[in-house]
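Colleague: Okay, here's the structure, questions in a sec.
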Amino acid sequence: MKNMITPPLFQSPKLAIVIPLFNEEEILQKSINLFCVKLDRLKQNNIVSKDSFIIFIDDGSVDSSFDILQTCIDKNNIIALKLSKNVGHQNALLAGLQYARNKCDCAISIDCDLEQDIDRIDEFLLHFKSGCDIVFGVRKDRFSDGFFKKWSSIFFYKMMEILGVKVIKNHADYRLLSNKALGFLDEFKEVNLFLRGIVLEIGLKSAIVYFDVKKREFGKSKYSLAKMLGLALNGITSFSITPLRIIFVFGFLIAFVSSIFGIYGIYIAIFSDSAVPGWASVVVPIYFLGGIQILSIGIIGEYLGKVYKESKSRPRYLIDKVIISNKIDSK
């Protein structure tokens, strides 16, 4: 039996649609038009209040993205935030969510590239009205992905699962957060952001909305392999100490096996003349153990680096400009 959505708790919440972007001049104008049309329809159907708005966060773009935003602001209910430099998708998204806090009843974060289905926003809002503080957008499948992206994503989620990081498979950052959830999110002060994991730590009532991914029409994805690996590494080291435990177990096993070989060597030396000299038996263990030591130091160093960044408590982002449409009450 399918889960039934209970009757709405209240009507027409004030919605903020939060959209981070970086160098999206090729698709930005179309994105603005579609998001504004979607918001207008939600208002006309009394699904959201008339003072709902959209926040675009320019993550230090070096193309004409912010110029395009400025030309569209007064015609629509748009707030444009320009960050002082590129700080990464997670920090840019956090900037928009923190700005939206106490200015709306709920906020929906979504990417600018139009790959995520904006028509599912209606279902997000239904769950919100029924009492959910968090609604996760989860893609149905990965049939539309290329070979490399598909298998790298599978590897990403499998690795997270193995190393004990709690995530929702195929959920990126398409989600709804109530103003209450935004307040809870603000309590997380870590510099090394992995919002997919942090939101699950909030623990409020949640639901899932499944959607189909659309093909990107213009431009290229800004999530390269390096960024995906960086996100995975950030998630693992922020939410799991399993790699450190693996080092301990591996070190114990090596020490145990080495002690057995040491005892065997002593036995051969005392009770037998059959010891066979050879460089391989010396060189191979040295290189093997050396590689393990370097890898272990690297993993420990990654954790120490996280502690170092957190201890400095530097701002996660700096907002250079805030431009608000005349149609929006900025209070």
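FYI, nothing fancy with the structure tokens labels: chains A, B, ... in order, residues from 1 per chain, ligands from 1 as they appear.
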Excluding range 68-81 of chain A and residues on its chain fewer than 5 positions from it, collect all residues at most 9 Å away from it, counting only C-alpha atoms, and give them as a PDB file with all heavy atoms, in the first residue's frame.
Modeller:
```pdb
ATOM      1  N   GLU A  25      26.242  30.947 -17.969  1.00  0.00           N
ATOM      2  CA  GLU A  25      25.681  31.953 -18.865  1.00  0.00           C
ATOM      3  C   GLU A  25      24.923  31.349 -20.047  1.00  0.00           C
ATOM      4  O   GLU A  25      23.989  31.961 -20.567  1.00  0.00           O
ATOM      5  CB  GLU A  25      26.798  32.865 -19.395  1.00  0.00           C
ATOM      6  CG  GLU A  25      27.866  32.152 -20.213  1.00  0.00           C
ATOM      7  CD  GLU A  25      28.951  33.085 -20.712  1.00  0.00           C
ATOM      8  OE1 GLU A  25      28.887  34.297 -20.393  1.00  0.00           O
ATOM      9  OE2 GLU A  25      29.865  32.615 -21.437  1.00  0.00           O
ATOM     10  N   LEU A  28      21.502  30.118 -18.234  1.00  0.00           N
ATOM     11  CA  LEU A  28      20.931  30.880 -17.122  1.00  0.00           C
ATOM     12  C   LEU A  28      19.642  31.599 -17.498  1.00  0.00           C
ATOM     13  O   LEU A  28      18.672  31.584 -16.727  1.00  0.00           O
ATOM     14  CB  LEU A  28      21.959  31.879 -16.582  1.00  0.00           C
ATOM     15  CG  LEU A  28      21.513  32.691 -15.371  1.00  0.00           C
ATOM     16  CD1 LEU A  28      21.054  31.787 -14.240  1.00  0.00           C
ATOM     17  CD2 LEU A  28      22.651  33.596 -14.903  1.00  0.00           C
ATOM     18  N   GLN A  29      19.611  32.247 -18.661  1.00  0.00           N
ATOM     19  CA  GLN A  29      18.402  32.982 -19.039  1.00  0.00           C
ATOM     20  C   GLN A  29      17.192  32.054 -19.130  1.00  0.00           C
ATOM     21  O   GLN A  29      16.104  32.380 -18.643  1.00  0.00           O
ATOM     22  CB  GLN A  29      18.619  33.684 -20.389  1.00  0.00           C
ATOM     23  CG  GLN A  29      17.470  34.602 -20.801  1.00  0.00           C
ATOM     24  CD  GLN A  29      17.278  35.764 -19.856  1.00  0.00           C
ATOM     25  OE1 GLN A  29      18.145  36.613 -19.715  1.00  0.00           O
ATOM     26  NE2 GLN A  29      16.129  35.801 -19.181  1.00  0.00           N
ATOM     27  N   ILE A  32      16.170  31.047 -15.549  1.00  0.00           N
ATOM     28  CA  ILE A  32      15.430  32.116 -14.874  1.00  0.00           C
ATOM     29  C   ILE A  32      13.981  32.138 -15.350  1.00  0.00           C
ATOM     30  O   ILE A  32      13.042  32.207 -14.543  1.00  0.00           O
ATOM     31  CB  ILE A  32      16.101  33.480 -15.122  1.00  0.00           C
ATOM     32  CG1 ILE A  32      17.464  33.531 -14.438  1.00  0.00           C
ATOM     33  CG2 ILE A  32      15.207  34.622 -14.628  1.00  0.00           C
ATOM     34  CD1 ILE A  32      18.284  34.750 -14.794  1.00  0.00           C
ATOM     35  N   CYS A  36      10.841  31.213 -12.884  1.00  0.00           N
ATOM     36  CA  CYS A  36       9.884  32.286 -12.611  1.00  0.00           C
ATOM     37  C   CYS A  36       8.475  31.890 -13.063  1.00  0.00           C
ATOM     38  O   CYS A  36       7.492  32.186 -12.369  1.00  0.00           O
ATOM     39  CB  CYS A  36      10.323  33.570 -13.313  1.00  0.00           C
ATOM     40  SG  CYS A  36      11.775  34.351 -12.563  1.00  0.00           S
ATOM     41  N   ASP A  51       4.076  36.265  -1.868  1.00  0.00           N
ATOM     42  CA  ASP A  51       5.384  36.880  -1.616  1.00  0.00           C
ATOM     43  C   ASP A  51       6.530  35.868  -1.656  1.00  0.00           C
ATOM     44  O   ASP A  51       7.628  36.138  -1.158  1.00  0.00           O
ATOM     45  CB  ASP A  51       5.384  37.612  -0.272  1.00  0.00           C
ATOM     46  CG  ASP A  51       4.923  36.727   0.882  1.00  0.00           C
ATOM     47  OD1 ASP A  51       4.465  35.598   0.618  1.00  0.00           O
ATOM     48  OD2 ASP A  51       5.016  37.166   2.040  1.00  0.00           O
ATOM     49  N   SER A  52       6.285  34.704  -2.227  1.00  0.00           N
ATOM     50  CA  SER A  52       7.361  33.727  -2.428  1.00  0.00           C
ATOM     51  C   SER A  52       8.382  34.275  -3.415  1.00  0.00           C
ATOM     52  O   SER A  52       8.066  35.133  -4.253  1.00  0.00           O
ATOM     53  CB  SER A  52       6.792  32.403  -2.926  1.00  0.00           C
ATOM     54  OG  SER A  52       5.920  31.832  -1.977  1.00  0.00           O
ATOM     55  N   PHE A  53       9.602  33.769  -3.359  1.00  0.00           N
ATOM     56  CA  PHE A  53      10.671  34.363  -4.162  1.00  0.00           C
ATOM     57  C   PHE A  53      11.734  33.329  -4.514  1.00  0.00           C
ATOM     58  O   PHE A  53      11.709  32.198  -4.027  1.00  0.00           O
ATOM     59  CB  PHE A  53      11.307  35.543  -3.425  1.00  0.00           C
ATOM     60  CG  PHE A  53      11.855  35.180  -2.067  1.00  0.00           C
ATOM     61  CD1 PHE A  53      13.190  34.841  -1.889  1.00  0.00           C
ATOM     62  CD2 PHE A  53      11.024  35.174  -0.938  1.00  0.00           C
ATOM     63  CE1 PHE A  53      13.693  34.504  -0.645  1.00  0.00           C
ATOM     64  CE2 PHE A  53      11.513  34.836   0.317  1.00  0.00           C
ATOM     65  CZ  PHE A  53      12.846  34.501   0.462  1.00  0.00           C
ATOM     66  N   ILE A  54      12.676  33.754  -5.361  1.00  0.00           N
ATOM     67  CA  ILE A  54      13.781  32.901  -5.811  1.00  0.00           C
ATOM     68  C   ILE A  54      15.098  33.549  -5.418  1.00  0.00           C
ATOM     69  O   ILE A  54      15.268  34.767  -5.565  1.00  0.00           O
ATOM     70  CB  ILE A  54      13.745  32.695  -7.341  1.00  0.00           C
ATOM     71  CG1 ILE A  54      12.405  32.093  -7.777  1.00  0.00           C
ATOM     72  CG2 ILE A  54      14.897  31.796  -7.785  1.00  0.00           C
ATOM     73  CD1 ILE A  54      12.240  32.028  -9.280  1.00  0.00           C
ATOM     74  N   ILE A  55      16.028  32.743  -4.920  1.00  0.00           N
ATOM     75  CA  ILE A  55      17.381  33.217  -4.605  1.00  0.00           C
ATOM     76  C   ILE A  55      18.374  32.535  -5.539  1.00  0.00           C
ATOM     77  O   ILE A  55      18.460  31.307  -5.570  1.00  0.00           O
ATOM     78  CB  ILE A  55      17.768  32.910  -3.148  1.00  0.00           C
ATOM     79  CG1 ILE A  55      16.771  33.527  -2.170  1.00  0.00           C
ATOM     80  CG2 ILE A  55      19.181  33.415  -2.850  1.00  0.00           C
ATOM     81  CD1 ILE A  55      17.050  33.165  -0.726  1.00  0.00           C
ATOM     82  N   PHE A  56      19.097  33.325  -6.311  1.00  0.00           N
ATOM     83  CA  PHE A  56      20.197  32.812  -7.127  1.00  0.00           C
ATOM     84  C   PHE A  56      21.503  33.179  -6.424  1.00  0.00           C
ATOM     85  O   PHE A  56      21.694  34.336  -6.020  1.00  0.00           O
ATOM     86  CB  PHE A  56      20.179  33.415  -8.526  1.00  0.00           C
ATOM     87  CG  PHE A  56      19.146  32.821  -9.445  1.00  0.00           C
ATOM     88  CD1 PHE A  56      17.899  33.431  -9.573  1.00  0.00           C
ATOM     89  CD2 PHE A  56      19.400  31.683 -10.174  1.00  0.00           C
ATOM     90  CE1 PHE A  56      16.934  32.894 -10.421  1.00  0.00           C
ATOM     91  CE2 PHE A  56      18.448  31.135 -11.019  1.00  0.00           C
ATOM     92  CZ  PHE A  56      17.211  31.754 -11.146  1.00  0.00           C
ATOM     93  N   ILE A  57      22.408  32.212  -6.294  1.00  0.00           N
ATOM     94  CA  ILE A  57      23.701  32.453  -5.658  1.00  0.00           C
ATOM     95  C   ILE A  57      24.802  32.260  -6.694  1.00  0.00           C
ATOM     96  O   ILE A  57      25.032  31.145  -7.166  1.00  0.00           O
ATOM     97  CB  ILE A  57      23.951  31.507  -4.464  1.00  0.00           C
ATOM     98  CG1 ILE A  57      22.767  31.531  -3.509  1.00  0.00           C
ATOM     99  CG2 ILE A  57      25.247  31.878  -3.752  1.00  0.00           C
ATOM    100  CD1 ILE A  57      21.790  30.397  -3.691  1.00  0.00           C
ATOM    101  N   ASP A  58      25.456  33.354  -7.054  1.00  0.00           N
ATOM    102  CA  ASP A  58      26.553  33.284  -8.021  1.00  0.00           C
ATOM    103  C   ASP A  58      27.836  32.945  -7.277  1.00  0.00           C
ATOM    104  O   ASP A  58      28.367  33.764  -6.523  1.00  0.00           O
ATOM    105  CB  ASP A  58      26.688  34.625  -8.746  1.00  0.00           C
ATOM    106  CG  ASP A  58      27.770  34.604  -9.809  1.00  0.00           C
ATOM    107  OD1 ASP A  58      28.399  33.544  -9.993  1.00  0.00           O
ATOM    108  OD2 ASP A  58      27.994  35.639 -10.459  1.00  0.00           O
ATOM    109  N   ASP A  59      28.336  31.742  -7.501  1.00  0.00           N
ATOM    110  CA  ASP A  59      29.506  31.232  -6.785  1.00  0.00           C
ATOM    111  C   ASP A  59      30.801  31.679  -7.462  1.00  0.00           C
ATOM    112  O   ASP A  59      31.602  30.868  -7.912  1.00  0.00           O
ATOM    113  CB  ASP A  59      29.429  29.705  -6.700  1.00  0.00           C
ATOM    114  CG  ASP A  59      30.544  29.101  -5.862  1.00  0.00           C
ATOM    115  OD1 ASP A  59      31.138  29.830  -5.052  1.00  0.00           O
ATOM    116  OD2 ASP A  59      30.816  27.898  -6.020  1.00  0.00           O
ATOM    117  N   ALA A  95      25.095  29.261   1.616  1.00  0.00           N
ATOM    118  CA  ALA A  95      24.903  30.717   1.660  1.00  0.00           C
ATOM    119  C   ALA A  95      23.457  31.077   1.343  1.00  0.00           C
ATOM    120  O   ALA A  95      22.838  31.913   2.021  1.00  0.00           O
ATOM    121  CB  ALA A  95      25.860  31.400   0.682  1.00  0.00           C
ATOM    122  N   GLY A  96      22.899  30.436   0.317  1.00  0.00           N
ATOM    123  CA  GLY A  96      21.514  30.709  -0.049  1.00  0.00           C
ATOM    124  C   GLY A  96      20.529  30.243   1.006  1.00  0.00           C
ATOM    125  O   GLY A  96      19.559  30.945   1.320  1.00  0.00           O
ATOM    126  N   ILE A 319      29.711  37.164   1.149  1.00  0.00           N
ATOM    127  CA  ILE A 319      28.770  37.703   0.166  1.00  0.00           C
ATOM    128  C   ILE A 319      29.231  39.099  -0.245  1.00  0.00           C
ATOM    129  O   ILE A 319      29.284  40.019   0.580  1.00  0.00           O
ATOM    130  CB  ILE A 319      27.344  37.748   0.734  1.00  0.00           C
ATOM    131  CG1 ILE A 319      26.883  36.323   1.093  1.00  0.00           C
ATOM    132  CG2 ILE A 319      26.391  38.380  -0.271  1.00  0.00           C
ATOM    133  CD1 ILE A 319      25.510  36.269   1.722  1.00  0.00           C
ATOM    134  N   ASP A 320      29.565  39.245  -1.503  1.00  0.00           N
ATOM    135  CA  ASP A 320      30.052  40.517  -2.034  1.00  0.00           C
ATOM    136  C   ASP A 320      28.900  41.480  -2.312  1.00  0.00           C
ATOM    137  O   ASP A 320      28.955  42.657  -1.959  1.00  0.00           O
ATOM    138  CB  ASP A 320      30.855  40.252  -3.314  1.00  0.00           C
ATOM    139  CG  ASP A 320      31.422  41.527  -3.927  1.00  0.00           C
ATOM    140  OD1 ASP A 320      31.637  42.496  -3.178  1.00  0.00           O
ATOM    141  OD2 ASP A 320      31.650  41.550  -5.150  1.00  0.00           O
ATOM    142  N   LYS A 321      27.837  40.975  -2.947  1.00  0.00           N
ATOM    143  CA  LYS A 321      26.698  41.830  -3.303  1.00  0.00           C
ATOM    144  C   LYS A 321      25.386  41.096  -3.052  1.00  0.00           C
ATOM    145  O   LYS A 321      25.318  39.878  -3.221  1.00  0.00           O
ATOM    146  CB  LYS A 321      26.762  42.237  -4.781  1.00  0.00           C
ATOM    147  CG  LYS A 321      27.933  43.123  -5.160  1.00  0.00           C
ATOM    148  CD  LYS A 321      27.889  43.450  -6.647  1.00  0.00           C
ATOM    149  CE  LYS A 321      29.085  44.295  -7.057  1.00  0.00           C
ATOM    150  NZ  LYS A 321      29.052  44.566  -8.535  1.00  0.00           N
ATOM    151  N   VAL A 322      24.386  41.857  -2.661  1.00  0.00           N
ATOM    152  CA  VAL A 322      23.032  41.353  -2.550  1.00  0.00           C
ATOM    153  C   VAL A 322      22.133  42.319  -3.307  1.00  0.00           C
ATOM    154  O   VAL A 322      22.060  43.504  -2.987  1.00  0.00           O
ATOM    155  CB  VAL A 322      22.555  41.262  -1.086  1.00  0.00           C
ATOM    156  CG1 VAL A 322      21.114  40.755  -1.037  1.00  0.00           C
ATOM    157  CG2 VAL A 322      23.461  40.342  -0.286  1.00  0.00           C
ATOM    158  N   ILE A 323      21.473  41.811  -4.334  1.00  0.00           N
ATOM    159  CA  ILE A 323      20.554  42.641  -5.119  1.00  0.00           C
ATOM    160  C   ILE A 323      19.161  42.044  -4.990  1.00  0.00           C
ATOM    161  O   ILE A 323      18.941  40.862  -5.290  1.00  0.00           O
ATOM    162  CB  ILE A 323      20.982  42.714  -6.594  1.00  0.00           C
ATOM    163  CG1 ILE A 323      22.399  43.261  -6.705  1.00  0.00           C
ATOM    164  CG2 ILE A 323      20.020  43.597  -7.383  1.00  0.00           C
ATOM    165  CD1 ILE A 323      22.930  43.344  -8.115  1.00  0.00           C
ATOM    166  N   ILE A 324      18.214  42.880  -4.545  1.00  0.00           N
ATOM    167  CA  ILE A 324      16.857  42.416  -4.262  1.00  0.00           C
ATOM    168  C   ILE A 324      15.862  43.120  -5.174  1.00  0.00           C
ATOM    169  O   ILE A 324      15.907  44.346  -5.350  1.00  0.00           O
ATOM    170  CB  ILE A 324      16.484  42.684  -2.792  1.00  0.00           C
ATOM    171  CG1 ILE A 324      17.500  42.031  -1.860  1.00  0.00           C
ATOM    172  CG2 ILE A 324      15.086  42.188  -2.486  1.00  0.00           C
ATOM    173  CD1 ILE A 324      17.303  42.371  -0.396  1.00  0.00           C
ATOM    174  N   SER A 325      14.991  42.353  -5.757  1.00  0.00           N
ATOM    175  CA  SER A 325      13.952  42.910  -6.616  1.00  0.00           C
ATOM    176  C   SER A 325      13.060  43.862  -5.823  1.00  0.00           C
ATOM    177  O   SER A 325      12.801  43.655  -4.641  1.00  0.00           O
ATOM    178  CB  SER A 325      13.109  41.786  -7.227  1.00  0.00           C
ATOM    179  OG  SER A 325      11.963  42.297  -7.845  1.00  0.00           O
ATOM    180  N   ASN A 326      12.588  44.899  -6.499  1.00  0.00           N
ATOM    181  CA  ASN A 326      11.679  45.850  -5.871  1.00  0.00           C
ATOM    182  C   ASN A 326      10.350  45.191  -5.475  1.00  0.00           C
ATOM    183  O   ASN A 326       9.604  45.728  -4.660  1.00  0.00           O
ATOM    184  CB  ASN A 326      11.400  47.023  -6.806  1.00  0.00           C
ATOM    185  CG  ASN A 326      12.645  47.860  -7.057  1.00  0.00           C
ATOM    186  OD1 ASN A 326      13.485  47.981  -6.170  1.00  0.00           O
ATOM    187  ND2 ASN A 326      12.775  48.404  -8.256  1.00  0.00           N
ATOM    188  N   LYS A 327      10.089  44.010  -6.036  1.00  0.00           N
ATOM    189  CA  LYS A 327       8.852  43.316  -5.752  1.00  0.00           C
ATOM    190  C   LYS A 327       8.878  42.552  -4.429  1.00  0.00           C
ATOM    191  O   LYS A 327       7.879  42.020  -3.969  1.00  0.00           O
ATOM    192  CB  LYS A 327       8.515  42.334  -6.877  1.00  0.00           C
ATOM    193  CG  LYS A 327       8.268  42.980  -8.229  1.00  0.00           C
ATOM    194  CD  LYS A 327       7.895  41.920  -9.248  1.00  0.00           C
ATOM    195  CE  LYS A 327       7.577  42.561 -10.608  1.00  0.00           C
ATOM    196  NZ  LYS A 327       7.165  41.526 -11.593  1.00  0.00           N
ATOM    197  N   ILE A 328      10.078  42.457  -3.826  1.00  0.00           N
ATOM    198  CA  ILE A 328      10.260  41.632  -2.640  1.00  0.00           C
ATOM    199  C   ILE A 328      10.414  42.501  -1.405  1.00  0.00           C
ATOM    200  O   ILE A 328      11.165  43.486  -1.403  1.00  0.00           O
ATOM    201  CB  ILE A 328      11.498  40.718  -2.799  1.00  0.00           C
ATOM    202  CG1 ILE A 328      11.311  39.762  -3.967  1.00  0.00           C
ATOM    203  CG2 ILE A 328      11.758  39.932  -1.514  1.00  0.00           C
ATOM    204  CD1 ILE A 328      12.504  38.896  -4.243  1.00  0.00           C
TER     205      ILE A 328
END
```
Colleague: Excluding Tyr157 in chain A and residues on its chain fewer than 5 positions from it, collect all residues at most 8 Å away from it, counting only C-alpha atoms, and give them as a PyMOL selection string.
Modeller: chain A and resi 167+169-170
Colleague: Which neighbours of Phe124 in chain A fall inside 9 Å, counting only C-alpha atoms, when residues of the same chain fewer than 3 positions from it are skipped, and could you give them as a VMD selection string?
Modeller: chain A and resid 108 120 to 121 127 to 129 134 to 137 175 to 176 207 to 209
Colleague: List the neighbours of Ile247 in chain A out to 10 Å using only C-alpha atoms; skip same-chain residues closer than 5 positions along the sequence, and give me the result as a list of chain:residue names.
Modeller: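 After dropping sequence-adjacent residues, the list is A:Thr242, A:Phe252, A:Leu253, A:Ile292, A:Gln293, A:Leu295, A:Ser296, A:Ile297, A:Ile299, A:Ile300.
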Colleague: Excluding same-chain residues fewer than 3 positions from Glu310 in chain A, what lies within 8 Å of it counting only C-alpha atoms, as a ChimeraX atom specification?
Modeller: /A:190-192,306-307,313-314
Colleague: Write out as a PyMOL selection string all residues of range 5-221 of chain A that DSSP puts in helix (DSSP H, G or I) for this structure's backbone.
Modeller: chain A and resi 28-44+65-72+89-100+118-129+147-162+179-185+195-202
Colleague: Report the distance between CA of Leu39 in chain A and CA of Val62 in chain A in Å, rounded to one decimal place.
Modeller: 28.0 Å
Colleague: In Å to one decimal, how far is CA of Asp173 in chain A from CA of Pro20 in chain A?
Modeller: 10.4 Å
Colleague: When you count only C-alpha atoms, which of these residues is closest to Asp212 in chain A: A:Asp111, A:Asp40, A:Asp141, A:Asp133?
Modeller: A:Asp141
Colleague: Point out the residue among A:Arg245, A:His89, A:Lys214, A:Lys103 with the least atom-to-atom distance to Gly183 in chain A, counting only C-alpha atoms.
Modeller: A:Lys103
Colleague: Given the choices A:Ile263, A:Val37, A:Ile19, A:Leu195, which gets closest to Gln116 in chain A if the distance is worked out from only C-alpha atoms?
Modeller: A:Ile19
Colleague: Identify which of the residues A:Ile27, A:Cys112, A:Ile168, A:Ile202 lies closest to Phe184 in chain A, counting only C-alpha atoms when measuring atom-to-atom distances.
Modeller: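 Smallest separation from Phe184 in chain A among the options: A:Ile202.
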